[in-house]
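These notes are about the structure you will find just below.
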Amino acid sequence: MIVADFRIIAFFCTIILWALSFFLLFWDTNCRGTFGDMFGAVNALFSGLAFAGLIITLIMQHEELGLQRKELAQTNEELAAQREEFAAQTKTMKIQRFENTLFNMLSLQQDIVNGLYYLPKDGAEHTGESKGRYVFDVFYNTKITSFGDGFKSDIYGVKGLIQKENSPEAYRHVSELSIFDNYFRHLYRMFKYIDVSPLIDDEERYGYACIVRAQLSDYELLMLFYNALNVNDSGSLKFKHIIEKYAVFNNIREDMLAREHKDYKLYHGGAYVHQR
């Protein structure tokens with residue numbers, strides 16, 4: 001604003017000097033010679049004014065560049081804030097996609113559990129029919145498994161058979177375990193989805209694994225304990241590795257294992273306490 005006022009003043013001063021010189025030139029002819037000698041000074045004056053105008057222009061340009069730089073900095077800050085907001089929105093959308101899939105899988109897993117049904121074929125057991133989560137209890141504690149003349153028929157459940165054979169591999173000898181095939185496959189797929197999904201960070205995976213783990217009852221954990229120790233068709237223990245990575249047995253009761261502490265040591269510490 002000050003620069004603009006100075007330019008206006010300089011303009012009017014120039015007009016006044018020009019008018020004054022014109023008046024003197026035509027008013028007094030005797031002064032024309034002397035006045036002609038003054039043109040050198042006037043030229044110097046105009047040169048000074050031109051230089052002053054150049055300085056003023058440079059100052060104005062400097063101020064304009066400063067304002068442009070300030071506006072550019074503000075624009076960059078706004079763009080950075082927009083990028084952060086966009087990144088946050090993208091992250092939120094990814095988490096929503098992940099959770100929608102996971103919770104649908106949890107719902108399906110619950111349907112699988114609710115659909116479990118067991119009725120002894122030979123009527124030798126006194127449990128009668130069992131449904132839902134109670135099937136895990138029956139198979140672990142009371143289901144009778146018969147092997148013919150070499151075994152007595154009073155071996156009850158997975159727990160009793162493992163104690164009888166003194167080996168967790170006895171789990172595979174329990175009859176009718178196939179009713180749990182869909183249950184264990186889908187449970188594995190849920191943990192695997194958490195483990196490999198690109199929609200969440202590594203730091204978030206354990207939290208979601210805890211959500212799935214919290215849905216498992218005591219007898220589901222016990223049946224899973226021995227199921228995961230048996231190799232699959234490819235000869236791997238892929239579920240065991242997932243269990244040890246995400247402390248799936250954090251809440252398992254050691255005193256309910258078939259051989260208690262001896263079986264407890266079949267998994268390394270990561271199966272019970274998350275290794276950060």
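By convention here, the chains of the structure tokens are called A, B, ... in the order presented, each chain's residues are numbered starting at 1, and ligands are numbered starting at 1 in the order presented.
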Set the distance at 12 Å and use only C-alpha atoms: which residues neighbour Thr101 (chain A) once local chain neighbours fewer than 2 positions away are removed? I'd like the list as an mmCIF file with N, CA and C atoms, in the first residue's frame.
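File written: out.cif
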```cif
data_model
loop_
_atom_site.group_PDB
_atom_site.id
_atom_site.type_symbol
_atom_site.label_atom_id
_atom_site.label_comp_id
_atom_site.auth_asym_id
_atom_site.auth_seq_id
_atom_site.Cartn_x
_atom_site.Cartn_y
_atom_site.Cartn_z
ATOM 1 N N LYS A 94 -10.525 -50.298 4.283
ATOM 2 C CA LYS A 94 -9.890 -51.623 4.264
ATOM 3 C C LYS A 94 -10.291 -52.424 5.507
ATOM 4 N N ILE A 95 -10.250 -51.748 6.665
ATOM 5 C CA ILE A 95 -10.623 -52.437 7.903
ATOM 6 C C ILE A 95 -12.085 -52.874 7.856
ATOM 7 N N GLN A 96 -12.950 -52.022 7.321
ATOM 8 C CA GLN A 96 -14.362 -52.379 7.209
ATOM 9 C C GLN A 96 -14.551 -53.599 6.309
ATOM 10 N N ARG A 97 -13.818 -53.628 5.194
ATOM 11 C CA ARG A 97 -13.893 -54.787 4.301
ATOM 12 C C ARG A 97 -13.415 -56.041 5.014
ATOM 13 N N PHE A 98 -12.295 -55.915 5.728
ATOM 14 C CA PHE A 98 -11.749 -57.070 6.443
ATOM 15 C C PHE A 98 -12.726 -57.567 7.511
ATOM 16 N N GLU A 99 -13.238 -56.640 8.300
ATOM 17 C CA GLU A 99 -14.134 -57.034 9.394
ATOM 18 C C GLU A 99 -15.443 -57.619 8.877
ATOM 19 N N PHE A 103 -16.368 -61.239 10.207
ATOM 20 C CA PHE A 103 -17.578 -61.448 10.998
ATOM 21 C C PHE A 103 -18.574 -62.352 10.278
ATOM 22 N N ASN A 104 -18.572 -62.314 8.956
ATOM 23 C CA ASN A 104 -19.396 -63.269 8.210
ATOM 24 C C ASN A 104 -18.869 -64.689 8.409
ATOM 25 N N MET A 105 -17.546 -64.815 8.443
ATOM 26 C CA MET A 105 -16.943 -66.125 8.689
ATOM 27 C C MET A 105 -17.249 -66.607 10.108
ATOM 28 N N LEU A 106 -17.216 -65.689 11.069
ATOM 29 C CA LEU A 106 -17.566 -66.054 12.445
ATOM 30 C C LEU A 106 -19.016 -66.515 12.540
ATOM 31 N N SER A 107 -19.885 -65.837 11.818
ATOM 32 C CA SER A 107 -21.296 -66.221 11.810
ATOM 33 C C SER A 107 -21.476 -67.617 11.205
ATOM 34 N N LEU A 108 -20.749 -67.874 10.112
ATOM 35 C CA LEU A 108 -20.823 -69.189 9.492
ATOM 36 C C LEU A 108 -20.261 -70.263 10.422
ATOM 37 N N ARG A 189 -9.400 -71.708 8.277
ATOM 38 C CA ARG A 189 -9.497 -70.665 7.251
ATOM 39 C C ARG A 189 -9.665 -69.288 7.887
ATOM 40 N N MET A 190 -10.353 -69.186 8.991
ATOM 41 C CA MET A 190 -10.509 -67.894 9.672
ATOM 42 C C MET A 190 -9.169 -67.377 10.182
ATOM 43 N N TYR A 193 -7.004 -66.443 7.256
ATOM 44 C CA TYR A 193 -7.441 -65.160 6.672
ATOM 45 C C TYR A 193 -6.849 -63.992 7.462
ATOM 46 N N ILE A 194 -6.876 -64.093 8.776
ATOM 47 C CA ILE A 194 -6.268 -63.060 9.618
ATOM 48 C C ILE A 194 -4.768 -62.976 9.373
ATOM 49 N N SER A 197 -4.170 -61.630 5.339
ATOM 50 C CA SER A 197 -4.941 -60.558 4.698
ATOM 51 C C SER A 197 -4.102 -59.290 4.531
ATOM 52 N N LEU A 199 -5.337 -56.420 4.096
ATOM 53 C CA LEU A 199 -6.182 -55.295 4.507
ATOM 54 C C LEU A 199 -5.857 -54.787 5.910
#
```
- So which residues of region 46-236 of chain A fall under strand (DSSP E) by DSSP, listed as number ranges by chain? A: 117-118, 130-131
Take the residues that were just selected and, keeping N, CA, C and O atoms, output them as a PDB file, in the first residue's frame.
```pdb
ATOM      1  N   TYR A 117     -24.276 -82.582  15.256  1.00  0.00           N
ATOM      2  CA  TYR A 117     -25.252 -83.508  15.843  1.00  0.00           C
ATOM      3  C   TYR A 117     -24.610 -84.888  15.941  1.00  0.00           C
ATOM      4  O   TYR A 117     -23.981 -85.368  14.986  1.00  0.00           O
ATOM      5  N   TYR A 118     -24.759 -85.510  17.110  1.00  0.00           N
ATOM      6  CA  TYR A 118     -24.202 -86.851  17.294  1.00  0.00           C
ATOM      7  C   TYR A 118     -25.198 -87.727  18.040  1.00  0.00           C
ATOM      8  O   TYR A 118     -25.727 -87.349  19.089  1.00  0.00           O
ATOM      9  N   SER A 130     -26.658 -85.635  21.092  1.00  0.00           N
ATOM     10  CA  SER A 130     -26.011 -84.391  21.532  1.00  0.00           C
ATOM     11  C   SER A 130     -25.936 -83.445  20.353  1.00  0.00           C
ATOM     12  O   SER A 130     -25.780 -83.874  19.196  1.00  0.00           O
ATOM     13  N   LYS A 131     -26.057 -82.156  20.650  1.00  0.00           N
ATOM     14  CA  LYS A 131     -26.088 -81.141  19.598  1.00  0.00           C
ATOM     15  C   LYS A 131     -25.162 -79.986  19.949  1.00  0.00           C
ATOM     16  O   LYS A 131     -24.846 -79.745  21.107  1.00  0.00           O
TER      17      LYS A 131
END
```
- From region 110-252 of chain A, collect each residue whose DSSP state is alpha helix (DSSP H) and return the set as a count of residues only. 64
- Task: Might you pull out every residue within 12 Å of Leu216 (chain A), with only C-alpha atoms counted and same-chain residues fewer than 6 positions away left off, and present them as a PyMOL selection string?
- Result: chain A and resi 106+109-110+113+133+136+183-184+187+209-210+222-225+248-252
Just write the chosen residues, N, CA and C atoms, as a PDB file, in the first residue's frame.
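Wrote it out as selection_5.pdb, contents follow:
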```
ATOM      1  N   LEU A 106     -17.216 -65.689  11.069  1.00  0.00           N
ATOM      2  CA  LEU A 106     -17.566 -66.054  12.445  1.00  0.00           C
ATOM      3  C   LEU A 106     -19.016 -66.515  12.540  1.00  0.00           C
ATOM      4  N   GLN A 109     -19.176 -69.932  11.137  1.00  0.00           N
ATOM      5  CA  GLN A 109     -18.604 -70.891  12.080  1.00  0.00           C
ATOM      6  C   GLN A 109     -19.603 -71.238  13.177  1.00  0.00           C
ATOM      7  N   GLN A 110     -20.349 -70.252  13.631  1.00  0.00           N
ATOM      8  CA  GLN A 110     -21.371 -70.506  14.650  1.00  0.00           C
ATOM      9  C   GLN A 110     -22.478 -71.403  14.100  1.00  0.00           C
ATOM     10  N   VAL A 113     -21.180 -74.909  14.177  1.00  0.00           N
ATOM     11  CA  VAL A 113     -21.240 -75.457  15.538  1.00  0.00           C
ATOM     12  C   VAL A 113     -22.673 -75.844  15.889  1.00  0.00           C
ATOM     13  N   ARG A 133     -22.375 -77.302  20.673  1.00  0.00           N
ATOM     14  CA  ARG A 133     -21.099 -77.363  21.394  1.00  0.00           C
ATOM     15  C   ARG A 133     -21.014 -78.571  22.327  1.00  0.00           C
ATOM     16  N   PHE A 136     -18.674 -81.554  21.407  1.00  0.00           N
ATOM     17  CA  PHE A 136     -17.251 -81.550  21.754  1.00  0.00           C
ATOM     18  C   PHE A 136     -17.032 -82.185  23.131  1.00  0.00           C
ATOM     19  N   TYR A 183     -15.881 -78.230  10.573  1.00  0.00           N
ATOM     20  CA  TYR A 183     -15.622 -77.291  11.662  1.00  0.00           C
ATOM     21  C   TYR A 183     -14.151 -76.884  11.696  1.00  0.00           C
ATOM     22  N   PHE A 184     -13.239 -77.860  11.685  1.00  0.00           N
ATOM     23  CA  PHE A 184     -11.822 -77.551  11.790  1.00  0.00           C
ATOM     24  C   PHE A 184     -11.283 -76.874  10.532  1.00  0.00           C
ATOM     25  N   LEU A 187     -12.477 -73.238  10.736  1.00  0.00           N
ATOM     26  CA  LEU A 187     -11.765 -72.540  11.805  1.00  0.00           C
ATOM     27  C   LEU A 187     -10.351 -72.188  11.357  1.00  0.00           C
ATOM     28  N   ALA A 209      -7.194 -62.195  15.953  1.00  0.00           N
ATOM     29  CA  ALA A 209      -7.085 -63.603  16.337  1.00  0.00           C
ATOM     30  C   ALA A 209      -7.688 -63.827  17.722  1.00  0.00           C
ATOM     31  N   CYS A 210      -7.522 -62.850  18.608  1.00  0.00           N
ATOM     32  CA  CYS A 210      -8.109 -62.949  19.950  1.00  0.00           C
ATOM     33  C   CYS A 210      -9.633 -62.966  19.883  1.00  0.00           C
ATOM     34  N   LEU A 222      -9.840 -78.029  23.604  1.00  0.00           N
ATOM     35  CA  LEU A 222      -9.216 -79.324  23.888  1.00  0.00           C
ATOM     36  C   LEU A 222      -9.218 -80.232  22.660  1.00  0.00           C
ATOM     37  N   MET A 223     -10.324 -80.247  21.930  1.00  0.00           N
ATOM     38  CA  MET A 223     -10.370 -81.053  20.708  1.00  0.00           C
ATOM     39  C   MET A 223      -9.419 -80.480  19.655  1.00  0.00           C
ATOM     40  N   LEU A 224      -9.359 -79.155  19.558  1.00  0.00           N
ATOM     41  CA  LEU A 224      -8.429 -78.524  18.626  1.00  0.00           C
ATOM     42  C   LEU A 224      -6.984 -78.833  19.006  1.00  0.00           C
ATOM     43  N   PHE A 225      -6.709 -78.891  20.301  1.00  0.00           N
ATOM     44  CA  PHE A 225      -5.356 -79.162  20.797  1.00  0.00           C
ATOM     45  C   PHE A 225      -4.801 -80.445  20.176  1.00  0.00           C
ATOM     46  N   VAL A 248      -3.375 -69.212  20.457  1.00  0.00           N
ATOM     47  CA  VAL A 248      -4.772 -69.659  20.425  1.00  0.00           C
ATOM     48  C   VAL A 248      -5.153 -70.383  21.713  1.00  0.00           C
ATOM     49  N   PHE A 249      -4.172 -71.016  22.395  1.00  0.00           N
ATOM     50  CA  PHE A 249      -4.466 -71.757  23.622  1.00  0.00           C
ATOM     51  C   PHE A 249      -4.180 -70.928  24.876  1.00  0.00           C
ATOM     52  N   ASN A 250      -4.317 -69.631  24.738  1.00  0.00           N
ATOM     53  CA  ASN A 250      -4.083 -68.745  25.882  1.00  0.00           C
ATOM     54  C   ASN A 250      -4.998 -69.072  27.055  1.00  0.00           C
ATOM     55  N   ASN A 251      -6.211 -69.531  26.746  1.00  0.00           N
ATOM     56  CA  ASN A 251      -7.187 -69.789  27.807  1.00  0.00           C
ATOM     57  C   ASN A 251      -7.437 -71.276  28.055  1.00  0.00           C
ATOM     58  N   ILE A 252      -6.620 -72.148  27.466  1.00  0.00           N
ATOM     59  CA  ILE A 252      -6.861 -73.572  27.641  1.00  0.00           C
ATOM     60  C   ILE A 252      -6.524 -73.987  29.078  1.00  0.00           C
TER      61      ILE A 252
END
```
- Distance query Leu161 (chain A) at most 9 Å, only C-alpha atoms, self and fewer than 3 positions along chain excluded, as a list in words: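 The contact residues come out as Thr145, Ile155, Tyr156, Gly157, Val158, Lys164, Glu165, Asn166, Ser167, Pro168, Ala170, Tyr171, His173, Val174 and Ala258 of chain A.
For the residues A:Glu203, A:Asp137, A:Asp181, A:Glu78, ranking by smallest atom-to-atom distance to Ile112 (chain A) using only C-alpha atoms places A:Asp181 first.
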Quick one: residues within 10 Å of Tyr267 (chain A), only C-alpha atoms, excluding same-chain residues fewer than 6 positions away - as a PDB file with all heavy atoms, in the first residue's frame?
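What landed in out04.pdb:
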```pdb
ATOM      1  N   PHE A 225      -6.709 -78.891  20.301  1.00  0.00           N
ATOM      2  CA  PHE A 225      -5.356 -79.162  20.797  1.00  0.00           C
ATOM      3  C   PHE A 225      -4.801 -80.445  20.176  1.00  0.00           C
ATOM      4  O   PHE A 225      -3.674 -80.477  19.669  1.00  0.00           O
ATOM      5  CB  PHE A 225      -5.387 -79.277  22.321  1.00  0.00           C
ATOM      6  CG  PHE A 225      -4.045 -79.419  22.966  1.00  0.00           C
ATOM      7  CD1 PHE A 225      -3.383 -78.304  23.467  1.00  0.00           C
ATOM      8  CD2 PHE A 225      -3.430 -80.662  23.077  1.00  0.00           C
ATOM      9  CE1 PHE A 225      -2.134 -78.426  24.076  1.00  0.00           C
ATOM     10  CE2 PHE A 225      -2.186 -80.796  23.674  1.00  0.00           C
ATOM     11  CZ  PHE A 225      -1.536 -79.676  24.176  1.00  0.00           C
ATOM     12  N   LEU A 229      -2.284 -81.483  16.270  1.00  0.00           N
ATOM     13  CA  LEU A 229      -1.030 -82.238  16.396  1.00  0.00           C
ATOM     14  C   LEU A 229      -0.918 -83.337  15.352  1.00  0.00           C
ATOM     15  O   LEU A 229       0.142 -83.956  15.212  1.00  0.00           O
ATOM     16  CB  LEU A 229      -0.922 -82.858  17.796  1.00  0.00           C
ATOM     17  CG  LEU A 229      -0.694 -81.881  18.954  1.00  0.00           C
ATOM     18  CD1 LEU A 229      -0.802 -82.609  20.282  1.00  0.00           C
ATOM     19  CD2 LEU A 229       0.654 -81.194  18.823  1.00  0.00           C
ATOM     20  N   LYS A 240      -1.040 -76.079  13.610  1.00  0.00           N
ATOM     21  CA  LYS A 240      -0.183 -75.959  14.795  1.00  0.00           C
ATOM     22  C   LYS A 240       0.659 -74.686  14.724  1.00  0.00           C
ATOM     23  O   LYS A 240       0.821 -73.966  15.719  1.00  0.00           O
ATOM     24  CB  LYS A 240       0.717 -77.177  14.928  1.00  0.00           C
ATOM     25  CG  LYS A 240       1.625 -77.177  16.164  1.00  0.00           C
ATOM     26  CD  LYS A 240       2.390 -78.491  16.235  1.00  0.00           C
ATOM     27  CE  LYS A 240       3.245 -78.553  17.506  1.00  0.00           C
ATOM     28  NZ  LYS A 240       4.389 -77.624  17.466  1.00  0.00           N
ATOM     29  N   HIS A 241       1.179 -74.371  13.547  1.00  0.00           N
ATOM     30  CA  HIS A 241       1.999 -73.169  13.391  1.00  0.00           C
ATOM     31  C   HIS A 241       1.176 -71.896  13.621  1.00  0.00           C
ATOM     32  O   HIS A 241       1.656 -70.932  14.237  1.00  0.00           O
ATOM     33  CB  HIS A 241       2.633 -73.138  11.999  1.00  0.00           C
ATOM     34  CG  HIS A 241       3.518 -74.322  11.715  1.00  0.00           C
ATOM     35  ND1 HIS A 241       4.363 -74.845  12.658  1.00  0.00           N
ATOM     36  CD2 HIS A 241       3.672 -75.077  10.597  1.00  0.00           C
ATOM     37  CE1 HIS A 241       5.020 -75.875  12.141  1.00  0.00           C
ATOM     38  NE2 HIS A 241       4.614 -76.046  10.891  1.00  0.00           N
ATOM     39  N   ILE A 243      -1.512 -71.708  15.501  1.00  0.00           N
ATOM     40  CA  ILE A 243      -1.832 -71.696  16.935  1.00  0.00           C
ATOM     41  C   ILE A 243      -0.677 -71.113  17.740  1.00  0.00           C
ATOM     42  O   ILE A 243      -0.880 -70.285  18.645  1.00  0.00           O
ATOM     43  CB  ILE A 243      -2.161 -73.125  17.410  1.00  0.00           C
ATOM     44  CG1 ILE A 243      -3.519 -73.560  16.850  1.00  0.00           C
ATOM     45  CG2 ILE A 243      -2.166 -73.204  18.943  1.00  0.00           C
ATOM     46  CD1 ILE A 243      -3.807 -75.038  17.011  1.00  0.00           C
ATOM     47  N   GLU A 244       0.532 -71.496  17.393  1.00  0.00           N
ATOM     48  CA  GLU A 244       1.711 -71.016  18.124  1.00  0.00           C
ATOM     49  C   GLU A 244       2.049 -69.563  17.782  1.00  0.00           C
ATOM     50  O   GLU A 244       2.707 -68.883  18.565  1.00  0.00           O
ATOM     51  CB  GLU A 244       2.897 -71.923  17.807  1.00  0.00           C
ATOM     52  CG  GLU A 244       2.731 -73.319  18.385  1.00  0.00           C
ATOM     53  CD  GLU A 244       3.810 -74.290  17.941  1.00  0.00           C
ATOM     54  OE1 GLU A 244       4.404 -74.076  16.863  1.00  0.00           O
ATOM     55  OE2 GLU A 244       4.060 -75.264  18.669  1.00  0.00           O
ATOM     56  N   PHE A 249      -4.172 -71.016  22.395  1.00  0.00           N
ATOM     57  CA  PHE A 249      -4.466 -71.757  23.622  1.00  0.00           C
ATOM     58  C   PHE A 249      -4.180 -70.928  24.876  1.00  0.00           C
ATOM     59  O   PHE A 249      -3.899 -71.473  25.943  1.00  0.00           O
ATOM     60  CB  PHE A 249      -3.648 -73.055  23.658  1.00  0.00           C
ATOM     61  CG  PHE A 249      -4.037 -74.040  22.593  1.00  0.00           C
ATOM     62  CD1 PHE A 249      -3.087 -74.853  21.994  1.00  0.00           C
ATOM     63  CD2 PHE A 249      -5.352 -74.147  22.169  1.00  0.00           C
ATOM     64  CE1 PHE A 249      -3.443 -75.768  21.015  1.00  0.00           C
ATOM     65  CE2 PHE A 249      -5.721 -75.044  21.183  1.00  0.00           C
ATOM     66  CZ  PHE A 249      -4.763 -75.859  20.603  1.00  0.00           C
TER      67      PHE A 249
END
```
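If you measure from each of A:Arg172, A:Arg276, A:His268, A:Lys121 to Arg205 (chain A) using only C-alpha atoms, the closest one turns out to be A:Arg276.
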